[in-house]
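A.B. asks: Structure: query.txt, compact mmCIF, C-alpha atoms and all ligand atoms.
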```txt
# COMPACT_ATOMS: atom_id res chain seq x y z
CA MET A 1 0.00 0.00 0.00
CA GLU A 2 1.25 3.47 -0.84
CA VAL A 3 0.44 6.24 1.63
CA ILE A 4 0.63 9.84 0.43
CA VAL A 5 0.26 12.60 3.03
CA GLN A 6 -0.62 16.04 1.71
CA ARG A 7 -0.76 19.38 3.49
CA ASP A 8 -4.50 19.90 3.24
CA TYR A 9 -7.75 18.88 1.58
CA ALA A 10 -7.09 20.83 -1.62
CA GLU A 11 -3.68 19.18 -2.17
CA MET A 12 -5.09 15.74 -1.32
CA SER A 13 -7.81 16.26 -3.92
CA LYS A 14 -5.34 17.42 -6.60
CA VAL A 15 -3.02 14.43 -6.13
CA ALA A 16 -5.99 12.04 -6.37
CA ALA A 17 -7.33 13.79 -9.49
CA GLN A 18 -3.89 13.60 -11.09
CA ILE A 19 -3.85 9.82 -10.67
CA VAL A 20 -7.28 9.57 -12.36
CA ALA A 21 -6.15 11.93 -15.15
CA GLU A 22 -2.97 9.89 -15.76
CA LEU A 23 -5.09 6.77 -16.18
CA LEU A 24 -7.45 8.49 -18.65
CA ASN A 25 -4.51 9.82 -20.64
CA THR A 26 -3.10 6.32 -21.06
CA LYS A 27 -6.44 4.49 -21.26
CA PRO A 28 -9.20 6.81 -22.58
CA ASN A 29 -11.83 4.06 -22.30
CA ALA A 30 -11.06 3.32 -18.64
CA VAL A 31 -13.69 2.02 -16.25
CA LEU A 32 -13.86 4.21 -13.14
CA GLY A 33 -15.40 3.30 -9.81
CA MET A 34 -16.97 6.34 -8.17
CA ALA A 35 -17.62 7.23 -4.52
CA THR A 36 -19.95 9.81 -2.98
CA GLY A 37 -19.81 11.68 0.36
CA SER A 38 -18.05 14.92 1.29
CA THR A 39 -14.49 13.73 0.78
CA PRO A 40 -14.33 13.19 -3.01
CA LEU A 41 -16.00 16.54 -3.79
CA GLY A 42 -12.63 18.30 -4.21
CA LEU A 43 -11.38 15.47 -6.41
CA TYR A 44 -14.45 15.79 -8.66
CA GLN A 45 -14.05 19.57 -8.80
CA GLU A 46 -10.46 19.14 -9.90
CA LEU A 47 -11.44 16.59 -12.57
CA VAL A 48 -14.08 19.04 -13.86
CA ARG A 49 -11.41 21.75 -13.96
CA LEU A 50 -9.06 19.47 -15.92
CA HIS A 51 -11.93 18.68 -18.31
CA ASN A 52 -12.71 22.37 -18.88
CA LYS A 53 -9.18 23.77 -18.92
CA GLU A 54 -6.99 20.89 -20.07
CA GLN A 55 -9.37 18.91 -22.29
CA LEU A 56 -9.39 15.85 -20.06
CA ASP A 57 -11.74 13.65 -22.05
CA PHE A 58 -14.36 11.36 -20.52
CA SER A 59 -16.19 10.51 -23.75
CA ARG A 60 -15.12 6.84 -23.68
CA VAL A 61 -15.20 6.39 -19.90
CA THR A 62 -17.59 4.01 -18.13
CA THR A 63 -18.42 4.47 -14.44
CA PHE A 64 -19.77 2.33 -11.63
CA ASN A 65 -20.79 3.89 -8.34
CA LEU A 66 -20.11 2.08 -5.10
CA ASP A 67 -23.49 2.41 -3.46
CA GLU A 68 -26.94 3.93 -3.15
CA TYR A 69 -29.46 4.36 -0.34
CA VAL A 70 -32.44 2.02 -0.48
CA GLY A 71 -35.78 3.76 -0.80
CA LEU A 72 -34.61 7.13 -2.13
CA PRO A 73 -35.78 7.94 -5.67
CA MET A 74 -33.13 9.24 -8.08
CA SER A 75 -34.62 12.73 -7.79
CA HIS A 76 -34.13 12.87 -3.98
CA PRO A 77 -31.42 15.47 -3.20
CA GLN A 78 -29.69 13.00 -0.85
CA SER A 79 -29.72 10.10 -3.29
CA TYR A 80 -26.32 9.22 -4.70
CA HIS A 81 -27.79 9.44 -8.22
CA TYR A 82 -28.61 13.08 -7.54
CA PHE A 83 -25.22 13.71 -5.88
CA MET A 84 -23.25 12.33 -8.81
CA HIS A 85 -25.18 14.28 -11.43
CA GLU A 86 -25.02 17.47 -9.39
CA HIS A 87 -21.32 17.32 -8.56
CA PHE A 88 -19.77 15.49 -11.47
CA PHE A 89 -21.67 13.90 -14.33
CA GLN A 90 -23.42 17.05 -15.57
CA HIS A 91 -20.04 18.82 -15.78
CA VAL A 92 -18.11 16.28 -17.87
CA ASN A 93 -18.73 14.36 -21.10
CA ILE A 94 -19.39 10.80 -19.95
CA PRO A 95 -22.11 9.31 -22.21
CA PRO A 96 -25.18 8.79 -19.96
CA HIS A 97 -25.47 5.14 -21.04
CA ASN A 98 -21.96 4.53 -19.65
CA ILE A 99 -22.98 5.63 -16.14
CA ASN A 100 -23.93 2.89 -13.69
CA ILE A 101 -25.24 3.56 -10.18
CA PRO A 102 -26.93 0.93 -8.00
CA SER A 103 -30.71 1.28 -7.94
CA GLY A 104 -32.22 2.18 -4.59
CA THR A 105 -35.73 1.52 -5.84
CA THR A 106 -35.60 -1.78 -7.70
CA SER A 107 -38.35 -4.31 -7.01
CA ASN A 108 -35.84 -7.18 -6.85
CA TYR A 109 -32.62 -6.34 -5.00
CA SER A 110 -30.88 -9.69 -5.31
CA ALA A 111 -31.49 -9.84 -9.08
CA PHE A 112 -30.29 -6.25 -9.40
CA CYS A 113 -27.11 -6.95 -7.40
CA GLU A 114 -26.29 -9.96 -9.56
CA TRP A 115 -26.86 -7.87 -12.68
CA TYR A 116 -24.59 -5.10 -11.35
CA GLU A 117 -21.76 -7.56 -10.74
CA ARG A 118 -22.27 -9.05 -14.20
CA ARG A 119 -22.29 -5.63 -15.81
CA ILE A 120 -18.97 -4.72 -14.14
CA GLY A 121 -17.51 -7.95 -15.53
CA GLU A 122 -18.85 -7.30 -19.04
CA THR A 123 -17.03 -3.97 -19.24
CA GLY A 124 -13.74 -5.71 -18.43
CA GLY A 125 -13.67 -4.78 -14.74
CA ILE A 126 -12.96 -1.55 -12.88
CA ASP A 127 -9.58 0.01 -13.68
CA LEU A 128 -9.54 2.50 -10.82
CA GLN A 129 -11.87 2.61 -7.83
CA ILE A 130 -12.16 5.85 -5.86
CA LEU A 131 -12.94 5.28 -2.18
CA GLY A 132 -13.70 7.27 0.94
CA ILE A 133 -13.63 5.82 4.46
CA GLY A 134 -16.26 5.95 7.19
CA THR A 135 -15.39 6.84 10.78
CA ASP A 136 -16.19 3.18 11.51
CA GLY A 137 -13.59 2.12 8.93
CA HIS A 138 -16.07 1.17 6.22
CA ILE A 139 -15.41 1.32 2.48
CA ALA A 140 -18.58 1.79 0.41
CA PHE A 141 -21.24 0.67 2.90
CA ASN A 142 -19.35 -2.41 4.02
CA GLU A 143 -19.94 -1.93 7.71
CA PRO A 144 -17.91 -3.64 10.45
CA THR A 145 -18.21 -7.47 10.23
CA SER A 146 -18.88 -7.38 6.46
CA SER A 147 -17.24 -10.35 4.78
CA LEU A 148 -13.98 -9.41 3.13
CA SER A 149 -15.09 -11.41 0.08
CA SER A 150 -18.59 -9.89 -0.09
CA ARG A 151 -20.13 -8.90 -3.42
CA THR A 152 -22.76 -6.27 -4.30
CA ARG A 153 -25.70 -6.71 -1.95
CA LEU A 154 -28.22 -5.10 0.36
CA LYS A 155 -26.64 -3.94 3.62
CA THR A 156 -27.94 -2.55 6.91
CA LEU A 157 -26.11 0.65 7.90
CA SER A 158 -24.38 0.83 11.28
CA LYS A 159 -25.61 3.24 13.97
CA GLN A 160 -22.35 5.18 13.58
CA THR A 161 -22.86 5.60 9.82
CA ILE A 162 -26.48 6.69 10.32
CA ASP A 163 -25.29 9.24 12.90
CA ASP A 164 -22.50 10.46 10.58
CA ASN A 165 -24.82 10.83 7.59
CA ALA A 166 -27.62 12.49 9.56
CA ARG A 167 -25.88 15.81 8.77
CA PHE A 168 -27.18 15.55 5.20
CA PHE A 169 -30.83 15.01 6.22
CA GLU A 170 -33.35 17.17 8.03
CA ARG A 171 -33.93 14.61 10.77
CA ARG A 172 -31.94 11.56 11.88
CA GLU A 173 -35.06 9.42 11.26
CA ASP A 174 -34.88 10.40 7.58
CA VAL A 175 -31.53 8.62 7.03
CA PRO A 176 -32.20 5.36 5.18
CA VAL A 177 -31.29 2.26 7.20
CA TYR A 178 -30.46 0.13 4.17
CA ALA A 179 -28.15 0.59 1.23
CA ILE A 180 -27.17 -1.37 -1.82
CA THR A 181 -23.39 -1.55 -1.92
CA MET A 182 -20.52 -3.14 -3.79
CA GLY A 183 -18.88 -5.74 -1.56
CA VAL A 184 -15.31 -5.70 -0.28
CA GLY A 185 -14.57 -8.51 -2.75
CA THR A 186 -16.02 -6.45 -5.61
CA ILE A 187 -13.80 -3.52 -4.62
CA LEU A 188 -10.68 -5.67 -4.29
CA ASN A 189 -11.22 -6.85 -7.90
CA ALA A 190 -10.56 -3.31 -9.21
CA ARG A 191 -7.09 -2.99 -10.72
CA LYS A 192 -6.22 0.12 -8.73
CA LEU A 193 -7.69 1.58 -5.53
CA VAL A 194 -7.41 5.23 -4.52
CA LEU A 195 -8.74 6.04 -1.05
CA VAL A 196 -9.03 9.68 0.04
CA ALA A 197 -9.53 10.84 3.63
CA SER A 198 -9.45 14.23 5.27
CA GLY A 199 -9.85 15.63 8.77
CA LYS A 200 -9.32 14.58 12.36
CA SER A 201 -12.50 12.50 12.46
CA LYS A 202 -10.88 10.03 10.02
CA ALA A 203 -7.51 9.70 11.82
CA LYS A 204 -8.42 6.61 13.85
CA ALA A 205 -10.03 4.76 10.94
CA ILE A 206 -7.03 5.54 8.69
CA ALA A 207 -4.54 4.33 11.30
CA GLN A 208 -6.51 1.11 11.75
CA ALA A 209 -6.95 0.57 8.01
CA VAL A 210 -3.31 1.23 7.08
CA GLU A 211 -1.37 -0.05 10.10
CA GLY A 212 -3.80 -2.29 11.97
CA PRO A 213 -4.59 -5.94 11.36
CA VAL A 214 -6.67 -6.96 8.34
CA THR A 215 -10.09 -7.42 9.86
CA SER A 216 -13.73 -7.32 8.86
CA MET A 217 -14.19 -4.95 11.84
CA VAL A 218 -12.44 -2.30 9.71
CA THR A 219 -13.29 -3.18 6.13
CA ALA A 220 -10.87 -0.55 4.74
CA SER A 221 -8.05 -2.72 6.16
CA ALA A 222 -8.77 -5.07 3.25
CA LEU A 223 -6.81 -2.59 1.10
CA GLN A 224 -3.71 -4.19 2.61
CA LEU A 225 -4.54 -7.26 0.53
CA HIS A 226 -4.56 -5.31 -2.74
CA ARG A 227 -1.45 -5.07 -4.93
CA ASP A 228 -2.07 -1.48 -6.03
CA ALA A 229 -3.81 0.53 -3.32
CA ILE A 230 -3.01 4.21 -2.72
CA VAL A 231 -4.21 6.04 0.39
CA ILE A 232 -4.11 9.84 0.08
CA VAL A 233 -4.69 11.76 3.28
CA ASP A 234 -4.32 15.28 4.63
CA GLU A 235 -2.27 16.08 7.76
CA GLU A 236 -5.21 15.66 10.12
CA ALA A 237 -6.31 12.31 8.76
CA ALA A 238 -2.65 11.18 8.90
CA SER A 239 -2.23 12.16 12.55
CA GLY A 240 -2.66 8.61 13.91
CA LEU A 241 -0.10 6.99 11.59
CA THR A 242 3.09 5.73 13.27
CA MET A 243 5.09 5.15 10.04
CA ARG A 244 4.53 8.66 8.73
CA GLU A 245 8.23 9.44 8.14
CA TYR A 246 8.61 6.30 6.05
CA TYR A 247 5.62 7.22 3.83
CA ASP A 248 7.01 10.73 3.30
CA PHE A 249 10.46 9.33 2.50
CA ILE A 250 9.07 6.96 -0.14
CA TYR A 251 6.92 9.67 -1.73
CA ALA A 252 9.78 12.19 -1.86
CA ALA A 253 12.17 9.62 -3.34
CA LYS A 254 9.66 8.30 -5.88
CA PRO A 255 10.87 10.13 -9.01
CA ALA A 256 14.40 8.73 -8.47
CA ALA A 257 13.34 5.24 -7.32
CA PRO A 258 14.12 2.24 -9.57
CA ARG A 259 11.20 1.49 -11.88
CA ALA A 260 9.38 -1.74 -11.18
C1 LIG B 1 -20.00 6.69 -0.35
C2 LIG B 1 -19.19 5.71 0.36
C3 LIG B 1 -18.86 5.86 1.80
C4 LIG B 1 -18.13 7.18 2.08
C5 LIG B 1 -17.79 7.29 3.57
C6 LIG B 1 -17.14 8.62 3.91
O1 LIG B 1 -20.16 6.33 -1.71
O2 LIG B 1 -18.81 4.77 -0.26
O3 LIG B 1 -18.06 4.80 2.20
O4 LIG B 1 -16.97 7.24 1.33
O5 LIG B 1 -18.94 7.12 4.34
O6 LIG B 1 -18.03 9.65 3.66
P1 LIG B 1 -17.57 11.17 3.78
O7 LIG B 1 -16.63 11.41 2.66
O8 LIG B 1 -18.85 11.97 3.62
O9 LIG B 1 -16.94 11.32 5.12
```
Can I see the file as C-alpha cells?
Ligand code: F6R
C.D. replies:
Amino acid sequence: MEVIVQRDYAEMSKVAAQIVAELLNTKPNAVLGMATGSTPLGLYQELVRLHNKEQLDFSRVTTFNLDEYVGLPMSHPQSYHYFMHEHFFQHVNIPPHNINIPSGTTSNYSAFCEWYERRIGETGGIDLQILGIGTDGHIAFNEPTSSLSSRTRLKTLSKQTIDDNARFFERREDVPVYAITMGVGTILNARKLVLVASGKSKAKAIAQAVEGPVTSMVTASALQLHRDAIVIVDEEAASGLTMREYYDFIYAAKPAAPRA
C-alpha cells in the first residue's frame, strides 16, 4: 500500500485527481469506480477543472458507483444518483449510457445486485476505484463485520454511519437504514484503488486501516490485501499513523526510485 500525506484537503484532492487523469490519458476508455460523500468533492471539482481547462476527455469512460441508499428515488437530493449528477456527471462528457449507479428503488434487490456484478464484468472490470472511508472504517457501505469477500448486496447501515450521515438530512429518522453496496470482494477486484480521507475524524479509521490488522471490523483494512492501493490523506487524517516518516520518505524519493 502506498500512503501519500498532503498538506490539506485541496492538495489531497489534486493528487488524487492527477492519478485519475494519468489513467485516462493512457487508457481513454477506462472504467472508473466512483464514490460519494463529502471527501471526493474536491477530487471531482479538480477533474471538472481538468476537463474544462486541459481537455481531459471522458467521452469513452464508463463508471460504476459504489453504493446507493435504499428507498430514495433518483430525484431525492440526498440520493447518490442526484449527488453524482449534481457534482460530477453534468459537468463532464461521460455518455449517460456509460454511467452505472446501483438502484435504490428496484423491485428485486438480489437480481439487481447480480446484474450489477455481471455488468462490471462485461465492461472488463474496474480500472480505478475511488474510495472514501467511514469513521467506523467502512469502504462503500461495508460496515464492520462485512465479509472481506462480499459482493454487491443489500446492507444494513451501522448506527455510527447513520449518525455520521444524519448531517445531510433534516432529521436523523430520515436517514435510510439500508443501502445497496458493492462488496469488499467487488472492490478488491478493481485494478487500482485510490482512497481519500481528510480531517481529524478520520484519523483513527485511517490508522486502523493502514497499520492495523486486516479485519472485517475495519473493512478498509482489506486494502492491505490489494497489490495497487493508494491512500491519500491530509495532515489531520494522517495524525494517527506511526510510520509517517517512512511514507514521506518513499513519496519524496519516488521520481528517483528504480522502476518496477
Ligand atoms: C460513499 C461511500 C462511503 C463514504 C464514507 C465517507 O459512496 O462509499 O463509504 O466514502 O462514508 O463519507 P464522507 O466522505 O462523507 O466522510
A.B. asks: Can you pull out every residue within 10 Å of Thr135 in chain A, counting all atoms listed in the file, but drop anything in the same chain fewer than 5 positions away, and send it as a PDB file with C-alpha atoms, in the coordinates of the input?
C.D. replies:
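Saved result, selection22.pdb, follows:
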```
ATOM      1  CA  GLN A 160     -22.350   5.180  13.580  1.00  0.00           C
ATOM      2  CA  THR A 161     -22.860   5.600   9.820  1.00  0.00           C
ATOM      3  CA  ASP A 164     -22.500  10.460  10.580  1.00  0.00           C
ATOM      4  CA  LYS A 200      -9.320  14.580  12.360  1.00  0.00           C
ATOM      5  CA  SER A 201     -12.500  12.500  12.460  1.00  0.00           C
ATOM      6  CA  LYS A 202     -10.880  10.030  10.020  1.00  0.00           C
ATOM      7  CA  ALA A 203      -7.510   9.700  11.820  1.00  0.00           C
ATOM      8  CA  LYS A 204      -8.420   6.610  13.850  1.00  0.00           C
ATOM      9  CA  ALA A 205     -10.030   4.760  10.940  1.00  0.00           C
ATOM     10  CA  ILE A 206      -7.030   5.540   8.690  1.00  0.00           C
ATOM     11  CA  VAL A 218     -12.440  -2.300   9.710  1.00  0.00           C
TER      12      VAL A 218
END
```
A.B. asks: Can you tell me which residues surround range 142-150 of chain A at a distance of at most 6 Å, considering all atoms listed in the file, apart from same-chain residues fewer than 3 positions away, and format the answer as JSON, numbers by chain?
C.D. replies: {"A": [138, 139, 183, 184, 185, 216, 217, 218]}
A.B. asks: If you count all atoms listed in the file, which residues end up within 8 Å of ligand LIG 1 (chain B), as a list in words?
C.D. replies: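 After applying the 8 Å limit, what remains is Met34, Ala35, Thr36, Gly37, Ser38, Thr39, Pro40, Asn65, Leu66, Asp67, Glu68, Tyr80, Leu131, Gly132, Ile133, Gly134, Thr135, His138, Ile139, Ala140, Phe141, Asn142, Thr161, Asp164, Asn165, Thr181, Ala197 and Lys202 of chain A.
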A.B. asks: Rank A:Asp228, A:Glu54, A:Glu245, A:Asp8 by their smallest atom-to-atom distance to Gly199 in chain A, using all atoms listed in the file, and report the top residue only.
C.D. replies: A:Asp8
A.B. asks: Would you mind telling me which residue in A:Ile99, A:Ala16, A:Ile180, A:Leu47 lies nearest to Val70 in chain A when using all atoms listed in the file?
C.D. replies: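 Answer, going by the shortest atom-to-atom distance: A:Ile180.
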A.B. asks: Select, from A:Gly42, A:Gly33, A:Ile230, A:Gly137, the residue with the minimum atom-to-atom distance to Thr215 in chain A, counting all atoms listed in the file.
C.D. replies: A:Gly137
A.B. asks: Go through A:Ile130, A:Val61, A:Ile4, A:Val31 and flag the residue nearest Tyr44 in chain A, using all atoms listed in the file for the distances.
C.D. replies: A:Ile130
A.B. asks: What does the distance from CA of Pro28 in chain A to CA of Leu43 in chain A come to in Å, to one decimal?
C.D. replies: 18.5 Å
A.B. asks: Go ahead and compute the interatomic distance for CA of His81 in chain A and CA of Thr63 in chain A, in Å to one decimal.
C.D. replies: 12.3 Å
A.B. asks: Work out how far apart CA of Asp234 in chain A and CA of Val3 in chain A are and give it in Å to one decimal.
C.D. replies: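 That distance, rounded to one decimal, is 10.6 Å.
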A.B. asks: So which residues touch Glu170 in chain A within 12 Å, counting only C-alpha atoms, skipping near sequence neighbours fewer than 4 positions away, as a ChimeraX atom specification?
C.D. replies: /A:77-78,165-166,174-175
A.B. asks: Choose the residue, out of A:Met74, A:Ile162, A:Ile187, A:Leu225, that has the smallest atom-to-atom separation from Thr106 in chain A; count all atoms listed in the file.
C.D. replies: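 Checking each of A:Met74, A:Ile162, A:Ile187, A:Leu225 against Thr106 in chain A, counting all atoms listed in the file, the winner is A:Met74.
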A.B. asks: Ranking A:Phe64, A:Tyr178, A:Phe169, A:Tyr251 by minimum distance to Glu117 in chain A and counting all atoms listed in the file, which one comes first?
C.D. replies: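 Result for the nearest residue to Glu117 in chain A: A:Phe64.
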A.B. asks: Could you give me, as a compact mmCIF listing (two decimals) with C-alpha atoms, in the coordinates of the input, the residues within 8 Å of Asn189 in chain A, counting all atoms listed in the file and dropping anything in the same chain fewer than 3 positions from it?
C.D. replies:
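See result_1.txt below for the written result:
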```txt
# COMPACT_ATOMS: atom_id res chain seq x y z
CA GLY A 125 -13.67 -4.78 -14.74
CA ILE A 126 -12.96 -1.55 -12.88
CA GLY A 185 -14.57 -8.51 -2.75
CA THR A 186 -16.02 -6.45 -5.61
```
A.B. asks: Can you tell me, as a PyMOL selection string, what residues are no more than 8 Å from Val5 in chain A when counting only C-alpha atoms, ignoring any on the same chain fewer than 4 positions away?
C.D. replies: chain A and resi 12+232-235+238+247-248
A.B. asks: Have range 193-204 of chain A completed to all heavy atoms, please, and pass it along as a CSV table (one decimal), in the frame of the given file.
C.D. replies:
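Result file part.csv:
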```
chain,number,residue,atom,x,y,z
A,193,LEU,N,-6.8,1.0,-6.5
A,193,LEU,CA,-7.7,1.6,-5.5
A,193,LEU,C,-7.1,2.9,-5.1
A,193,LEU,O,-5.9,3.0,-4.8
A,193,LEU,CB,-7.9,0.7,-4.3
A,193,LEU,CG,-8.4,-0.8,-4.6
A,193,LEU,CD1,-8.4,-1.5,-3.2
A,193,LEU,CD2,-9.8,-0.7,-5.2
A,194,VAL,N,-7.9,3.9,-5.0
A,194,VAL,CA,-7.4,5.2,-4.5
A,194,VAL,C,-8.4,5.7,-3.4
A,194,VAL,O,-9.5,6.0,-3.7
A,194,VAL,CB,-7.4,6.3,-5.6
A,194,VAL,CG1,-7.0,7.7,-5.1
A,194,VAL,CG2,-6.4,5.9,-6.7
A,195,LEU,N,-7.9,5.6,-2.2
A,195,LEU,CA,-8.7,6.0,-1.0
A,195,LEU,C,-8.3,7.4,-0.6
A,195,LEU,O,-7.1,7.7,-0.4
A,195,LEU,CB,-8.6,5.0,0.1
A,195,LEU,CG,-9.6,5.2,1.3
A,195,LEU,CD1,-9.9,3.9,1.9
A,195,LEU,CD2,-8.9,6.1,2.4
A,196,VAL,N,-9.3,8.3,-0.5
A,196,VAL,CA,-9.0,9.7,0.0
A,196,VAL,C,-9.7,9.9,1.4
A,196,VAL,O,-10.8,9.4,1.6
A,196,VAL,CB,-9.5,10.8,-0.9
A,196,VAL,CG1,-8.6,10.9,-2.1
A,196,VAL,CG2,-10.9,10.5,-1.5
A,197,ALA,N,-9.0,10.6,2.3
A,197,ALA,CA,-9.5,10.8,3.6
A,197,ALA,C,-9.0,12.2,4.1
A,197,ALA,O,-7.8,12.5,3.9
A,197,ALA,CB,-9.2,9.7,4.6
A,198,SER,N,-9.8,12.9,4.8
A,198,SER,CA,-9.4,14.2,5.3
A,198,SER,C,-10.1,14.5,6.6
A,198,SER,O,-11.2,14.1,6.9
A,198,SER,CB,-10.0,15.2,4.2
A,198,SER,OG,-10.3,16.5,4.8
A,199,GLY,N,-9.3,15.2,7.5
A,199,GLY,CA,-9.8,15.6,8.8
A,199,GLY,C,-9.6,14.7,9.9
A,199,GLY,O,-9.4,13.5,9.8
A,200,LYS,N,-9.6,15.3,11.1
A,200,LYS,CA,-9.3,14.6,12.4
A,200,LYS,C,-10.3,13.4,12.6
A,200,LYS,O,-9.9,12.4,13.1
A,200,LYS,CB,-9.5,15.6,13.5
A,200,LYS,CG,-8.9,15.3,14.8
A,200,LYS,CD,-7.6,16.0,15.0
A,200,LYS,CE,-6.8,15.3,16.2
A,200,LYS,NZ,-5.6,14.6,15.8
A,201,SER,N,-11.5,13.5,12.2
A,201,SER,CA,-12.5,12.5,12.5
A,201,SER,C,-12.2,11.2,11.7
A,201,SER,O,-12.7,10.1,12.1
A,201,SER,CB,-13.9,12.9,12.1
A,201,SER,OG,-14.0,13.1,10.7
A,202,LYS,N,-11.2,11.2,10.8
A,202,LYS,CA,-10.9,10.0,10.0
A,202,LYS,C,-9.5,9.4,10.5
A,202,LYS,O,-9.1,8.4,10.0
A,202,LYS,CB,-10.8,10.3,8.5
A,202,LYS,CG,-12.1,10.8,7.9
A,202,LYS,CD,-13.2,9.7,7.9
A,202,LYS,CE,-14.5,10.2,7.4
A,202,LYS,NZ,-14.6,10.5,6.0
A,203,ALA,N,-8.9,10.1,11.4
A,203,ALA,CA,-7.5,9.7,11.8
A,203,ALA,C,-7.5,8.3,12.4
A,203,ALA,O,-6.6,7.5,12.0
A,203,ALA,CB,-6.9,10.7,12.8
A,204,LYS,N,-8.4,7.9,13.2
A,204,LYS,CA,-8.4,6.6,13.8
A,204,LYS,C,-8.7,5.5,12.8
A,204,LYS,O,-8.0,4.5,12.7
A,204,LYS,CB,-9.5,6.6,15.0
A,204,LYS,CG,-9.5,5.3,15.7
A,204,LYS,CD,-10.4,5.4,16.9
A,204,LYS,CE,-10.6,4.0,17.5
A,204,LYS,NZ,-12.0,3.7,17.9
```
